[in-house]
>>> print(open('final-v1.cif').read())   # mmCIF, C-alpha atoms and all ligand atoms
data_structure
loop_
_atom_site.label_atom_id
_atom_site.label_comp_id
_atom_site.auth_asym_id
_atom_site.auth_seq_id
_atom_site.Cartn_x
_atom_site.Cartn_y
_atom_site.Cartn_z
CA MET J 81 5.75 9.02 -6.32
CA ALA J 82 2.59 7.44 -7.59
CA THR J 83 -0.07 6.93 -4.96
CA GLU J 84 -1.57 4.12 -7.02
CA SER J 85 0.02 1.46 -9.19
CA GLY J 86 -0.73 -1.88 -10.79
CA PRO J 87 -3.77 -2.94 -12.79
CA ALA J 88 -6.84 -0.71 -13.06
CA GLU J 89 -9.19 -1.11 -10.14
CA THR J 90 -11.87 -2.83 -12.25
CA GLU J 91 -9.30 -5.33 -13.59
CA ALA J 92 -7.49 -6.02 -10.33
CA GLY J 93 -8.04 -9.35 -8.61
CA GLY J 94 -6.87 -7.84 -5.37
CA ILE J 95 -6.40 -4.40 -3.89
CA LEU J 96 -3.62 -3.71 -1.42
CA THR J 97 -4.01 -0.50 0.54
CA ILE J 98 -1.04 0.81 2.48
CA ASP J 99 -1.64 3.51 5.06
CA LEU J 100 1.45 5.73 5.01
CA ALA J 101 -0.02 7.94 7.74
CA ALA J 102 -0.16 4.88 10.01
CA ILE J 103 3.50 4.07 9.23
CA VAL J 104 4.44 7.63 10.20
CA ALA J 105 2.30 7.44 13.36
CA ASN J 106 3.95 4.12 14.28
CA TRP J 107 7.41 5.61 13.72
CA ARG J 108 6.56 8.60 15.92
CA ALA J 109 5.19 6.36 18.67
CA LEU J 110 8.29 4.14 18.66
CA ARG J 111 10.58 7.16 18.64
CA ALA J 112 8.67 8.69 21.58
CA ARG J 113 8.97 5.44 23.52
CA ALA J 114 12.74 5.34 22.94
CA ALA J 115 13.42 9.08 23.42
CA PRO J 116 15.91 10.64 23.79
CA ALA J 117 17.38 7.97 21.50
CA GLU J 118 17.14 8.72 17.79
CA GLY J 119 14.42 6.87 15.89
CA ALA J 120 15.79 5.37 12.70
CA ALA J 121 13.74 3.22 10.29
CA VAL J 122 14.49 -0.14 8.70
CA VAL J 123 13.16 -0.25 5.11
CA LYS J 124 14.92 -3.35 3.76
CA ALA J 125 13.10 -5.89 1.59
CA ASP J 126 11.13 -3.20 -0.25
CA GLY J 127 10.06 -1.59 3.00
CA TYR J 128 8.88 -4.97 4.36
CA GLY J 129 6.83 -5.41 1.19
CA CYS J 130 5.09 -2.04 1.59
CA GLY J 131 7.18 -0.18 -1.04
CA ILE J 132 10.61 1.22 -0.18
CA ASP J 133 10.12 4.43 -2.19
CA GLU J 134 6.77 5.35 -0.67
CA VAL J 135 7.75 4.36 2.88
CA THR J 136 11.06 6.22 2.71
CA GLY J 137 9.40 9.31 1.27
CA ALA J 138 6.76 9.39 4.00
CA LEU J 139 9.22 8.83 6.85
CA ALA J 140 11.79 11.30 5.53
CA ALA J 141 9.05 13.93 5.23
CA ALA J 142 8.12 13.20 8.84
CA GLY J 143 11.69 13.86 9.96
CA CYS J 144 13.35 10.44 9.93
CA CYS J 145 17.08 11.03 9.29
CA THR J 146 18.53 7.52 9.39
CA PHE J 147 17.55 4.48 7.32
CA PHE J 148 18.76 0.90 7.36
CA VAL J 149 18.58 -1.40 4.34
CA ALA J 150 20.05 -4.81 3.52
CA ASN J 151 22.02 -4.11 0.35
CA LEU J 152 23.36 -1.45 -2.01
CA ALA J 153 20.46 -1.61 -4.45
CA GLU J 154 18.06 -0.77 -1.63
CA ALA J 155 20.41 1.93 -0.34
CA ARG J 156 20.42 3.65 -3.73
CA ARG J 157 16.62 3.72 -3.71
CA VAL J 158 16.63 5.41 -0.32
CA ARG J 159 19.32 7.84 -1.43
CA ALA J 160 17.30 8.78 -4.53
CA ILE J 161 14.23 9.58 -2.41
CA ALA J 162 15.88 11.04 0.70
CA ALA J 163 19.04 12.80 -0.43
CA ASP J 164 20.16 14.23 2.90
CA THR J 165 19.66 11.22 5.15
CA THR J 166 22.06 8.69 6.61
CA VAL J 167 21.78 5.27 5.00
CA TYR J 168 23.32 2.14 6.53
CA VAL J 169 23.67 -1.15 4.65
CA LEU J 170 23.22 -4.01 7.12
CA ASN J 171 24.66 -6.85 5.07
CA GLY J 172 28.11 -5.33 5.11
CA LEU J 173 30.78 -4.58 2.58
CA LEU J 174 31.01 -7.00 -0.34
CA PRO J 175 34.49 -7.14 -1.90
CA GLY J 176 35.15 -4.30 -4.31
CA THR J 177 32.03 -2.30 -3.44
CA ALA J 178 33.63 0.48 -1.37
CA PRO J 179 33.56 2.91 -4.35
CA ALA J 180 29.82 2.36 -4.70
CA TYR J 181 29.36 3.37 -1.06
CA ALA J 182 31.48 6.48 -1.53
CA LYS J 183 29.74 7.46 -4.76
CA GLU J 184 26.35 7.82 -3.05
CA SER J 185 27.64 8.60 0.42
CA LEU J 186 26.28 5.38 1.92
CA ARG J 187 27.53 3.69 5.07
CA PRO J 188 28.44 0.02 5.32
CA VAL J 189 27.72 -1.85 8.54
CA ILE J 190 31.07 -3.58 8.98
CA GLY J 191 31.08 -6.89 10.79
CA SER J 192 34.46 -8.50 10.19
CA ARG J 193 38.15 -7.71 10.10
CA ALA J 194 38.28 -8.40 6.35
CA GLU J 195 35.57 -5.82 5.70
CA LEU J 196 37.19 -3.28 7.98
CA ASP J 197 40.61 -3.72 6.37
CA GLU J 198 39.12 -3.28 2.92
CA TRP J 199 37.21 -0.15 3.98
CA ASN J 200 40.37 1.22 5.64
CA ALA J 201 42.50 0.59 2.58
CA TYR J 202 39.93 2.30 0.37
CA GLN J 203 39.82 5.34 2.65
CA VAL J 204 43.60 5.60 2.83
CA SER J 205 44.08 5.26 -0.93
CA THR J 206 41.30 7.67 -1.96
CA GLY J 207 41.00 10.04 0.96
CA TRP J 208 37.27 9.18 1.20
CA ALA J 209 36.27 10.14 4.74
CA GLY J 210 32.71 8.76 4.80
CA ALA J 211 31.40 7.05 7.90
CA ALA J 212 30.61 3.41 8.64
CA ALA J 213 29.06 1.40 11.48
CA LEU J 214 30.62 -1.49 13.35
CA HIS J 215 28.48 -4.52 14.07
CA VAL J 216 29.42 -6.54 17.14
CA ASP J 217 27.86 -9.92 17.83
CA THR J 218 26.48 -10.26 21.37
CA GLY J 219 24.81 -13.66 21.06
CA MET J 220 22.91 -13.92 17.78
CA ASN J 221 25.92 -15.52 16.08
CA ARG J 222 25.01 -14.17 12.69
CA LEU J 223 26.77 -10.96 11.62
CA GLY J 224 29.36 -8.93 13.50
CA PHE J 225 32.73 -9.03 15.22
CA ALA J 226 33.03 -11.72 17.88
CA LEU J 227 33.27 -10.54 21.47
CA ASP J 228 36.89 -11.63 21.80
CA GLU J 229 37.84 -9.48 18.80
CA THR J 230 36.45 -6.29 20.26
CA ALA J 231 39.36 -5.28 22.53
CA ASP J 232 41.84 -5.45 19.62
CA LEU J 233 39.33 -3.67 17.46
CA ALA J 234 38.99 -0.81 19.94
CA ALA J 235 42.77 -0.50 20.20
CA SER J 236 43.21 -0.37 16.42
CA LEU J 237 40.41 2.13 15.86
CA GLY J 238 42.45 4.93 17.31
CA ALA J 239 43.81 5.47 13.83
CA GLN J 240 40.42 5.17 12.14
CA PRO J 241 38.05 8.09 12.20
CA GLY J 242 34.59 7.85 10.76
CA ILE J 243 33.05 5.03 12.76
CA ALA J 244 29.72 6.67 13.52
CA LEU J 245 27.83 3.81 15.19
CA VAL J 246 28.52 0.66 17.17
CA MET J 247 25.63 -1.74 16.91
CA SER J 248 24.46 -5.21 17.82
CA HIS J 249 21.24 -7.16 17.25
CA PHE J 250 18.89 -9.09 19.57
CA ALA J 251 18.14 -12.74 18.88
CA CYS J 252 14.90 -13.00 20.93
CA ALA J 253 13.70 -9.49 21.72
CA GLU J 254 10.04 -10.45 21.13
CA GLU J 255 10.15 -13.06 23.91
CA GLU J 256 11.00 -13.10 27.57
CA HIS J 257 14.31 -14.85 27.21
CA PRO J 258 17.49 -14.88 29.33
CA LEU J 259 19.53 -14.06 26.23
CA ASN J 260 18.07 -10.53 26.19
CA SER J 261 19.72 -9.42 29.43
CA ARG J 262 22.91 -11.29 28.52
CA GLN J 263 23.09 -9.44 25.20
CA MET J 264 22.39 -6.10 26.89
CA ALA J 265 25.15 -6.70 29.46
CA ARG J 266 27.62 -7.65 26.74
CA PHE J 267 26.67 -4.61 24.71
CA ARG J 268 27.23 -2.30 27.70
CA LYS J 269 30.77 -3.70 28.02
CA ILE J 270 31.42 -3.26 24.33
CA ARG J 271 30.24 0.32 24.42
CA ALA J 272 32.68 1.06 27.22
CA LEU J 273 35.45 0.16 24.76
CA PHE J 274 34.18 2.79 22.30
CA PRO J 275 33.09 5.58 24.62
CA GLN J 276 32.91 8.27 21.92
CA ILE J 277 30.81 6.30 19.47
CA PRO J 278 26.98 6.21 19.59
CA GLY J 279 25.42 2.79 20.14
CA SER J 280 22.34 0.90 18.91
CA ILE J 281 20.94 -2.54 19.72
CA ALA J 282 17.13 -2.32 19.65
CA ASN J 283 14.92 -3.52 16.79
CA SER J 284 11.12 -3.10 17.10
CA SER J 285 10.68 -5.54 19.97
CA GLY J 286 13.91 -4.38 21.59
CA ILE J 287 12.35 -0.94 22.06
CA PHE J 288 9.85 -2.61 24.40
CA LEU J 289 12.60 -4.14 26.58
CA GLY J 290 12.95 -0.79 28.35
CA ALA J 291 15.36 2.11 28.47
CA GLU J 292 18.34 -0.17 28.99
CA ALA J 293 17.94 -1.31 25.38
CA HIS J 294 17.59 2.12 23.81
CA HIS J 295 21.15 3.53 23.81
CA ASP J 296 21.54 6.32 21.21
CA LEU J 297 19.53 5.03 18.28
CA VAL J 298 16.75 2.48 17.79
CA ARG J 299 16.16 0.54 14.56
CA PRO J 300 12.49 -0.48 14.26
CA GLY J 301 11.36 -2.37 11.20
CA VAL J 302 8.34 -4.63 11.43
CA ALA J 303 6.42 -2.55 14.00
CA LEU J 304 6.42 0.40 11.61
CA TYR J 305 4.34 -1.76 9.28
CA GLY J 306 1.77 -2.67 11.92
CA ALA J 307 2.97 -6.07 13.16
CA ASN J 308 2.87 -6.60 16.90
CA PRO J 309 6.32 -6.13 18.50
CA THR J 310 4.95 -7.52 21.79
CA PRO J 311 3.47 -10.94 20.90
CA GLY J 312 1.05 -12.20 23.54
CA ARG J 313 0.13 -8.65 24.54
CA PRO J 314 -2.22 -6.23 22.75
CA ASN J 315 -0.69 -4.74 19.61
CA PRO J 316 0.40 -1.15 20.36
CA MET J 317 0.88 -0.34 16.65
CA ARG J 318 -1.62 0.99 14.16
CA PRO J 319 -2.54 -1.38 11.33
CA VAL J 320 -0.92 -0.39 8.02
CA VAL J 321 -1.87 -3.01 5.45
CA ARG J 322 -5.29 -3.82 4.09
CA LEU J 323 -5.82 -6.54 1.50
CA ASP J 324 -9.06 -7.09 -0.37
CA ALA J 325 -9.71 -9.62 -3.13
CA ARG J 326 -12.55 -9.90 -5.60
CA ILE J 327 -15.23 -12.57 -5.81
CA VAL J 328 -15.03 -14.17 -9.26
CA GLN J 329 -17.99 -16.49 -8.93
CA THR J 330 -20.07 -18.36 -6.37
CA ARG J 331 -21.41 -21.91 -6.47
CA ASP J 332 -23.57 -24.30 -4.52
CA VAL J 333 -21.87 -27.45 -3.29
CA ALA J 334 -23.92 -30.43 -2.11
CA THR J 335 -23.19 -32.28 1.13
CA GLY J 336 -20.38 -34.77 0.58
CA GLU J 337 -18.88 -32.93 -2.39
CA THR J 338 -15.29 -31.73 -2.03
CA VAL J 339 -13.72 -28.39 -2.92
CA GLY J 340 -10.39 -27.76 -4.59
CA TYR J 341 -7.15 -29.59 -5.40
CA GLY J 342 -6.60 -32.83 -3.55
CA ALA J 343 -10.27 -32.92 -2.43
CA THR J 344 -9.12 -32.12 1.09
CA TRP J 345 -12.26 -30.25 2.22
CA THR J 346 -15.72 -31.83 2.24
CA ALA J 347 -19.02 -29.97 2.49
CA ARG J 348 -20.78 -31.16 5.64
CA ARG J 349 -23.97 -29.33 4.70
CA PRO J 350 -25.38 -27.82 1.52
CA SER J 351 -22.76 -25.11 1.11
CA HIS J 352 -22.35 -21.85 -0.72
CA ILE J 353 -18.81 -21.25 -1.90
CA ALA J 354 -17.28 -18.00 -3.16
CA ILE J 355 -14.13 -18.12 -5.29
CA ILE J 356 -11.84 -15.10 -4.87
CA SER J 357 -9.03 -13.97 -7.12
CA ALA J 358 -5.90 -14.22 -5.01
CA GLY J 359 -3.73 -17.22 -4.24
CA TYR J 360 -0.33 -18.41 -3.21
CA ALA J 361 1.30 -16.58 -6.13
CA ASP J 362 0.06 -13.43 -4.41
CA GLY J 363 1.76 -14.35 -1.15
CA LEU J 364 -1.17 -16.12 0.51
CA MET J 365 0.73 -19.14 1.62
CA ARG J 366 -0.62 -22.59 0.91
CA ALA J 367 -0.05 -23.54 4.54
CA ALA J 368 -3.20 -21.52 5.36
CA SER J 369 -5.35 -23.96 3.32
CA ALA J 370 -8.32 -25.66 4.99
CA THR J 371 -8.83 -29.42 5.19
CA ASP J 372 -11.46 -31.55 6.90
CA ALA J 373 -9.09 -31.95 9.84
CA HIS J 374 -7.62 -28.47 10.02
CA ALA J 375 -9.14 -24.98 9.73
CA GLY J 376 -7.35 -22.56 7.44
CA ALA J 377 -7.37 -18.78 7.27
CA GLU J 378 -10.47 -16.59 7.10
CA ALA J 379 -11.77 -13.68 5.08
CA ILE J 380 -14.42 -11.10 5.87
CA VAL J 381 -17.38 -11.21 3.51
CA ALA J 382 -20.14 -8.63 3.96
CA GLY J 383 -18.97 -8.06 7.53
CA GLN J 384 -18.84 -11.75 8.45
CA ARG J 385 -15.81 -13.97 9.02
CA CYS J 386 -15.82 -16.84 6.54
CA PRO J 387 -13.40 -19.78 6.58
CA PHE J 388 -11.27 -20.86 3.62
CA ALA J 389 -12.56 -24.06 2.00
CA GLY J 390 -9.93 -26.46 0.66
CA ARG J 391 -6.50 -25.76 -0.70
CA ILE J 392 -5.24 -22.37 -1.71
CA SER J 393 -4.55 -22.41 -5.46
CA MET J 394 -1.96 -20.31 -7.26
CA ASP J 395 -4.45 -17.60 -8.21
CA LEU J 396 -7.66 -18.46 -6.37
CA ILE J 397 -9.08 -19.27 -2.94
CA ALA J 398 -12.46 -20.82 -2.11
CA LEU J 399 -14.41 -19.43 0.85
CA ASP J 400 -17.28 -21.05 2.70
CA VAL J 401 -19.87 -18.25 2.63
CA THR J 402 -22.86 -20.46 3.52
CA ASP J 403 -23.68 -18.30 6.56
CA VAL J 404 -23.76 -15.02 4.61
CA PRO J 405 -27.13 -14.16 3.00
CA THR J 406 -26.81 -14.75 -0.75
CA SER J 407 -28.25 -11.30 -1.42
CA GLU J 408 -25.09 -9.84 0.14
CA ILE J 409 -22.69 -11.72 -2.12
CA ARG J 410 -22.25 -10.37 -5.61
CA ARG J 411 -19.82 -11.09 -8.41
CA SER J 412 -16.78 -8.74 -8.18
CA ASP J 413 -17.50 -7.71 -4.57
CA LEU J 414 -14.38 -7.34 -2.46
CA VAL J 415 -13.68 -9.55 0.55
CA THR J 416 -11.07 -8.66 3.16
CA LEU J 417 -8.08 -10.91 3.82
CA ILE J 418 -6.08 -8.43 5.93
CA GLY J 419 -7.92 -5.63 7.74
CA GLU J 420 -11.23 -5.23 9.62
CA GLY J 421 -9.71 -6.95 12.63
CA ILE J 422 -7.61 -9.52 10.75
CA GLY J 423 -4.02 -8.39 11.33
CA VAL J 424 -0.87 -9.48 9.55
CA ASP J 425 -0.02 -11.50 12.67
CA ASP J 426 -3.39 -13.30 12.54
CA LEU J 427 -2.83 -14.32 8.93
CA ALA J 428 0.76 -15.27 9.79
CA LYS J 429 -0.46 -17.61 12.51
CA ARG J 430 -2.77 -19.40 10.05
CA GLU J 431 0.13 -19.68 7.62
CA GLY J 432 2.42 -21.08 10.29
CA THR J 433 4.77 -18.13 9.97
CA ILE J 434 5.43 -14.63 11.31
CA GLY J 435 4.13 -11.18 10.36
CA TYR J 436 7.49 -10.40 8.74
CA GLU J 437 6.98 -13.10 6.13
CA VAL J 438 3.37 -12.08 5.46
CA LEU J 439 4.55 -8.53 4.78
CA THR J 440 7.56 -9.40 2.65
CA SER J 441 5.40 -11.84 0.63
CA LEU J 442 2.71 -9.29 -0.24
CA GLY J 443 1.95 -9.91 -3.91
CA ARG J 444 3.01 -7.89 -6.90
CA ARG J 445 -0.19 -8.39 -8.89
CA TYR J 446 -2.48 -6.28 -6.74
CA ARG J 447 -3.55 -2.77 -7.41
CA ARG J 448 -1.64 -0.83 -4.79
CA ILE J 449 -3.15 2.21 -3.18
CA TYR J 450 -1.19 4.45 -0.80
CA THR J 451 -3.16 6.59 1.61
CA SER J 452 -1.66 9.33 3.73
C1 LIG K 501 15.87 -6.28 10.21
C2 LIG K 501 16.71 -5.69 11.26
C3 LIG K 501 16.19 -4.74 12.15
C4 LIG K 501 14.71 -4.45 12.24
O1 LIG K 501 14.12 -5.53 12.96
P1 LIG K 501 12.55 -5.59 13.27
O2 LIG K 501 12.43 -6.78 14.14
O3 LIG K 501 11.86 -5.71 11.98
O4 LIG K 501 12.20 -4.32 13.98
C5 LIG K 501 17.07 -4.11 13.02
N1 LIG K 501 18.39 -4.42 13.02
C6 LIG K 501 18.92 -5.35 12.20
C7 LIG K 501 20.36 -5.67 12.27
C8 LIG K 501 18.10 -6.02 11.30
O5 LIG K 501 18.61 -6.97 10.50
#
>>> encode(input="final-v1.cif", output="structure tokens")
Amino acid sequence: MATESGPAETEAGGILTIDLAAIVANWRALRARAAPAEGAAVVKADGYGCGIDEVTGALAAAGCCTFFVANLAEARRVRAIAADTTVYVLNGLLPGTAPAYAKESLRPVIGSRAELDEWNAYQVSTGWAGAAALHVDTGMNRLGFALDETADLAASLGAQPGIALVMSHFACAEEEHPLNSRQMARFRKIRALFPQIPGSIANSSGIFLGAEAHHDLVRPGVALYGANPTPGRPNPMRPVVRLDARIVQTRDVATGETVGYGATWTARRPSHIAIISAGYADGLMRAASATDAHAGAEAIVAGQRCPFAGRISMDLIALDVTDVPTSEIRRSDLVTLIGEGIGVDDLAKREGTIGYEVLTSLGRRYRRIYTS
């Protein structure tokens, strides 16, 4: 696995640094918190934008045995990197895909009678004895068997070996919400129907709901990548992602002049503006633009926080660097958009979104550097 990819450092508009050692440390910390439950890892969506190959390789080397992905293409990537691990595909069994699961010894997460019947029929006709998980819905109303299907399901499973996990998923684990305890109570009842089968309900935030949520296996995703699984409280995770972008040029802007598309930001003083080479095509969402009425996101320039000035363009962002001594601002210097105290959740807030979307939107044009 390459530890660096993308354009040469001198040619790169932005440099994305991903700390694999921090991902491993976060995984170990989450696993310790949930012990004796097994600590799995969710690496869907290209490892939450951090690179599924690199993340899987690092976690497998650290002893992670179970991975969750969204689809077969992702599952094959994990299988290619981590041959001896268990790989679950969360989005279930698409019609006709059972042979693809068997071929690479992958496990579907089955959430409906139609999927289960198809998996059954495939196993009976081929003798394939690979395992699968059952997904039961406890209140999210997205994927999984409905509660009133579970008794029949349990009765019919007598004849079906190879169900290795019964799982459900929280709808609001990151908040204090009455649905959390309702989902946990429902899941306890469901597990009583399948007493021999290991259970799993906790995502990252679910791990912080206490031992009652841990069961046999926990499935952290976003917290591995440094986002805060306990919003409103200090972030217990180590930061993973650092994003720096290059200054292309600087300019002086007179009072009353505007900056950028739509002329939405007006200089209220003689201003010094730095233009950096990253924009919304790199995943820096336009919603974090600055207008005269509304502050946008910030970047760190020579150790100082500087506000965005005007709209985020496709490939460029303007920063108000008036308060930074001009001697400290040079063409091609790097400024920090994520890192040095700006977390993925901070940027997310300015973009009106969540850390998950910041991570999964991380651009493909950066030079990527993996540290471990
Ligand atoms: C994405 C996902 C996870 C991981 O959730 P995080 O909040 O990122 O920790 C766990 N379980 C299921 C079913 C998921 O879809």
>>> residues_near_ligand(input="final-v1.cif", ligand="ligand LIG 501 (chain K)", cutoff="9 Å", atoms="only C-alpha atoms and all ligand atoms", output="ChimeraX atom specification")
/J:121-124,128,148-150,170-171,215,223,247-250,253-254,280-287,298-305,307,309,436
>>> write_last_selection(input="final-v1.cif", atoms="C-alpha atoms", output="PDB file, in the frame of the given file")
ATOM      1  CA  ALA J 121      13.740   3.220  10.290  1.00  0.00           C
ATOM      2  CA  VAL J 122      14.490  -0.140   8.700  1.00  0.00           C
ATOM      3  CA  VAL J 123      13.160  -0.250   5.110  1.00  0.00           C
ATOM      4  CA  LYS J 124      14.920  -3.350   3.760  1.00  0.00           C
ATOM      5  CA  TYR J 128       8.880  -4.970   4.360  1.00  0.00           C
ATOM      6  CA  PHE J 148      18.760   0.900   7.360  1.00  0.00           C
ATOM      7  CA  VAL J 149      18.580  -1.400   4.340  1.00  0.00           C
ATOM      8  CA  ALA J 150      20.050  -4.810   3.520  1.00  0.00           C
ATOM      9  CA  LEU J 170      23.220  -4.010   7.120  1.00  0.00           C
ATOM     10  CA  ASN J 171      24.660  -6.850   5.070  1.00  0.00           C
ATOM     11  CA  HIS J 215      28.480  -4.520  14.070  1.00  0.00           C
ATOM     12  CA  LEU J 223      26.770 -10.960  11.620  1.00  0.00           C
ATOM     13  CA  MET J 247      25.630  -1.740  16.910  1.00  0.00           C
ATOM     14  CA  SER J 248      24.460  -5.210  17.820  1.00  0.00           C
ATOM     15  CA  HIS J 249      21.240  -7.160  17.250  1.00  0.00           C
ATOM     16  CA  PHE J 250      18.890  -9.090  19.570  1.00  0.00           C
ATOM     17  CA  ALA J 253      13.700  -9.490  21.720  1.00  0.00           C
ATOM     18  CA  GLU J 254      10.040 -10.450  21.130  1.00  0.00           C
ATOM     19  CA  SER J 280      22.340   0.900  18.910  1.00  0.00           C
ATOM     20  CA  ILE J 281      20.940  -2.540  19.720  1.00  0.00           C
ATOM     21  CA  ALA J 282      17.130  -2.320  19.650  1.00  0.00           C
ATOM     22  CA  ASN J 283      14.920  -3.520  16.790  1.00  0.00           C
ATOM     23  CA  SER J 284      11.120  -3.100  17.100  1.00  0.00           C
ATOM     24  CA  SER J 285      10.680  -5.540  19.970  1.00  0.00           C
ATOM     25  CA  GLY J 286      13.910  -4.380  21.590  1.00  0.00           C
ATOM     26  CA  ILE J 287      12.350  -0.940  22.060  1.00  0.00           C
ATOM     27  CA  VAL J 298      16.750   2.480  17.790  1.00  0.00           C
ATOM     28  CA  ARG J 299      16.160   0.540  14.560  1.00  0.00           C
ATOM     29  CA  PRO J 300      12.490  -0.480  14.260  1.00  0.00           C
ATOM     30  CA  GLY J 301      11.360  -2.370  11.200  1.00  0.00           C
ATOM     31  CA  VAL J 302       8.340  -4.630  11.430  1.00  0.00           C
ATOM     32  CA  ALA J 303       6.420  -2.550  14.000  1.00  0.00           C
ATOM     33  CA  LEU J 304       6.420   0.400  11.610  1.00  0.00           C
ATOM     34  CA  TYR J 305       4.340  -1.760   9.280  1.00  0.00           C
ATOM     35  CA  ALA J 307       2.970  -6.070  13.160  1.00  0.00           C
ATOM     36  CA  PRO J 309       6.320  -6.130  18.500  1.00  0.00           C
ATOM     37  CA  TYR J 436       7.490 -10.400   8.740  1.00  0.00           C
TER      38      TYR J 436
END
>>> closest_residue(input="final-v1.cif", among="J:Ala361, J:Ile422, J:Leu186, J:Ala251", to="J:Gly443", atoms="all atoms listed in the file")
J:Ala361
>>> residues_around(input="final-v1.cif", residues="stretch 430-435 of chain J", least_positions_apart="3", cutoff="10 Å", atoms="all atoms listed in the file", output="NGL selection string")
:J and (128 or 302-303 or 305-309 or 364-370 or 375-378 or 423-427 or 438-441)
>>> atom_distance(input="final-v1.cif", atom1="atom CA of J:Leu289", atom2="atom CA of J:Glu256")
9.2 Å
>>> residues_around(input="final-v1.cif", residues="J:Asp217", least_positions_apart="4", cutoff="6 Å", atoms="all atoms listed in the file", output="list in words")
Gly224, Phe225, Ala226 and Ser248 of chain J
>>> closest_residue(input="final-v1.cif", among="J:Ala142, J:Ala160, J:Ala213, J:Ala153", to="J:Ile103", atoms="all atoms listed in the file")
J:Ala142
>>> closest_atom_pairs(input="final-v1.cif", of="stretch 217-333 of chain J", to="stretch 87-100 of chain J", cutoff="12 Å", atoms="all atoms listed in the file", output="CSV")
residue,atom,partner,partner_atom,distance
J:Leu304,CA,J:Leu100,CA,9.8
J:Tyr305,CA,J:Asp99,CA,9.0
J:Gly306,CA,J:Asp99,CA,9.8
J:Arg318,CA,J:Asp99,CA,9.4
J:Pro319,CA,J:Asp99,CA,8.0
J:Val320,CA,J:Asp99,CA,4.9
J:Val321,CA,J:Ile98,CA,4.9
J:Arg322,CA,J:Thr97,CA,5.0
J:Leu323,CA,J:Leu96,CA,4.6
J:Asp324,CA,J:Ile95,CA,5.2
J:Ala325,CA,J:Gly94,CA,4.0
J:Arg326,CA,J:Gly93,CA,5.5
J:Ile327,CA,J:Gly93,CA,8.4
J:Val328,CA,J:Gly93,CA,8.5
>>> write_last_selection(input="final-v1.cif", atoms="C-alpha atoms", output="PDB file, in the coordinates of the input")
ATOM      1  CA  LEU J 304       6.420   0.400  11.610  1.00  0.00           C
ATOM      2  CA  TYR J 305       4.340  -1.760   9.280  1.00  0.00           C
ATOM      3  CA  GLY J 306       1.770  -2.670  11.920  1.00  0.00           C
ATOM      4  CA  ARG J 318      -1.620   0.990  14.160  1.00  0.00           C
ATOM      5  CA  PRO J 319      -2.540  -1.380  11.330  1.00  0.00           C
ATOM      6  CA  VAL J 320      -0.920  -0.390   8.020  1.00  0.00           C
ATOM      7  CA  VAL J 321      -1.870  -3.010   5.450  1.00  0.00           C
ATOM      8  CA  ARG J 322      -5.290  -3.820   4.090  1.00  0.00           C
ATOM      9  CA  LEU J 323      -5.820  -6.540   1.500  1.00  0.00           C
ATOM     10  CA  ASP J 324      -9.060  -7.090  -0.370  1.00  0.00           C
ATOM     11  CA  ALA J 325      -9.710  -9.620  -3.130  1.00  0.00           C
ATOM     12  CA  ARG J 326     -12.550  -9.900  -5.600  1.00  0.00           C
ATOM     13  CA  ILE J 327     -15.230 -12.570  -5.810  1.00  0.00           C
ATOM     14  CA  VAL J 328     -15.030 -14.170  -9.260  1.00  0.00           C
TER      15      VAL J 328
END
>>> atom_distance(input="final-v1.cif", atom1="atom CA of J:Ala272", atom2="atom CA of J:His294")
15.5 Å
>>> closest_residue(input="final-v1.cif", among="J:Gly207, J:Arg108, J:Ala244, J:Trp345", to="J:Asp296", atoms="all atoms listed in the file")
J:Ala244
>>> atom_distance(input="final-v1.cif", atom1="atom CA of J:Leu259", atom2="atom CA of J:Arg313")
20.2 Å
>>> build_atoms(input="final-v1.cif", residues="stretch 327-332 of chain J", atoms="N, CA, C and O atoms", output="PDB file, in the coordinates of the input")
ATOM      1  N   ILE J 327     -14.493 -11.326  -5.555  1.00  0.00           N
ATOM      2  CA  ILE J 327     -15.230 -12.570  -5.810  1.00  0.00           C
ATOM      3  C   ILE J 327     -15.382 -12.742  -7.318  1.00  0.00           C
ATOM      4  O   ILE J 327     -15.876 -11.849  -8.007  1.00  0.00           O
ATOM      5  N   VAL J 328     -14.926 -13.890  -7.826  1.00  0.00           N
ATOM      6  CA  VAL J 328     -15.030 -14.170  -9.260  1.00  0.00           C
ATOM      7  C   VAL J 328     -16.359 -14.857  -9.572  1.00  0.00           C
ATOM      8  O   VAL J 328     -17.049 -14.510 -10.516  1.00  0.00           O
ATOM      9  N   GLN J 329     -16.691 -15.852  -8.764  1.00  0.00           N
ATOM     10  CA  GLN J 329     -17.990 -16.490  -8.930  1.00  0.00           C
ATOM     11  C   GLN J 329     -18.368 -17.221  -7.642  1.00  0.00           C
ATOM     12  O   GLN J 329     -17.525 -17.420  -6.769  1.00  0.00           O
ATOM     13  N   THR J 330     -19.629 -17.568  -7.524  1.00  0.00           N
ATOM     14  CA  THR J 330     -20.070 -18.360  -6.370  1.00  0.00           C
ATOM     15  C   THR J 330     -20.708 -19.639  -6.899  1.00  0.00           C
ATOM     16  O   THR J 330     -21.114 -19.711  -8.066  1.00  0.00           O
ATOM     17  N   ARG J 331     -20.772 -20.656  -6.037  1.00  0.00           N
ATOM     18  CA  ARG J 331     -21.410 -21.910  -6.470  1.00  0.00           C
ATOM     19  C   ARG J 331     -22.003 -22.621  -5.261  1.00  0.00           C
ATOM     20  O   ARG J 331     -21.551 -22.438  -4.136  1.00  0.00           O
ATOM     21  N   ASP J 332     -22.988 -23.441  -5.556  1.00  0.00           N
ATOM     22  CA  ASP J 332     -23.570 -24.300  -4.520  1.00  0.00           C
ATOM     23  C   ASP J 332     -22.870 -25.639  -4.550  1.00  0.00           C
ATOM     24  O   ASP J 332     -22.597 -26.178  -5.631  1.00  0.00           O
TER      25      ASP J 332
END
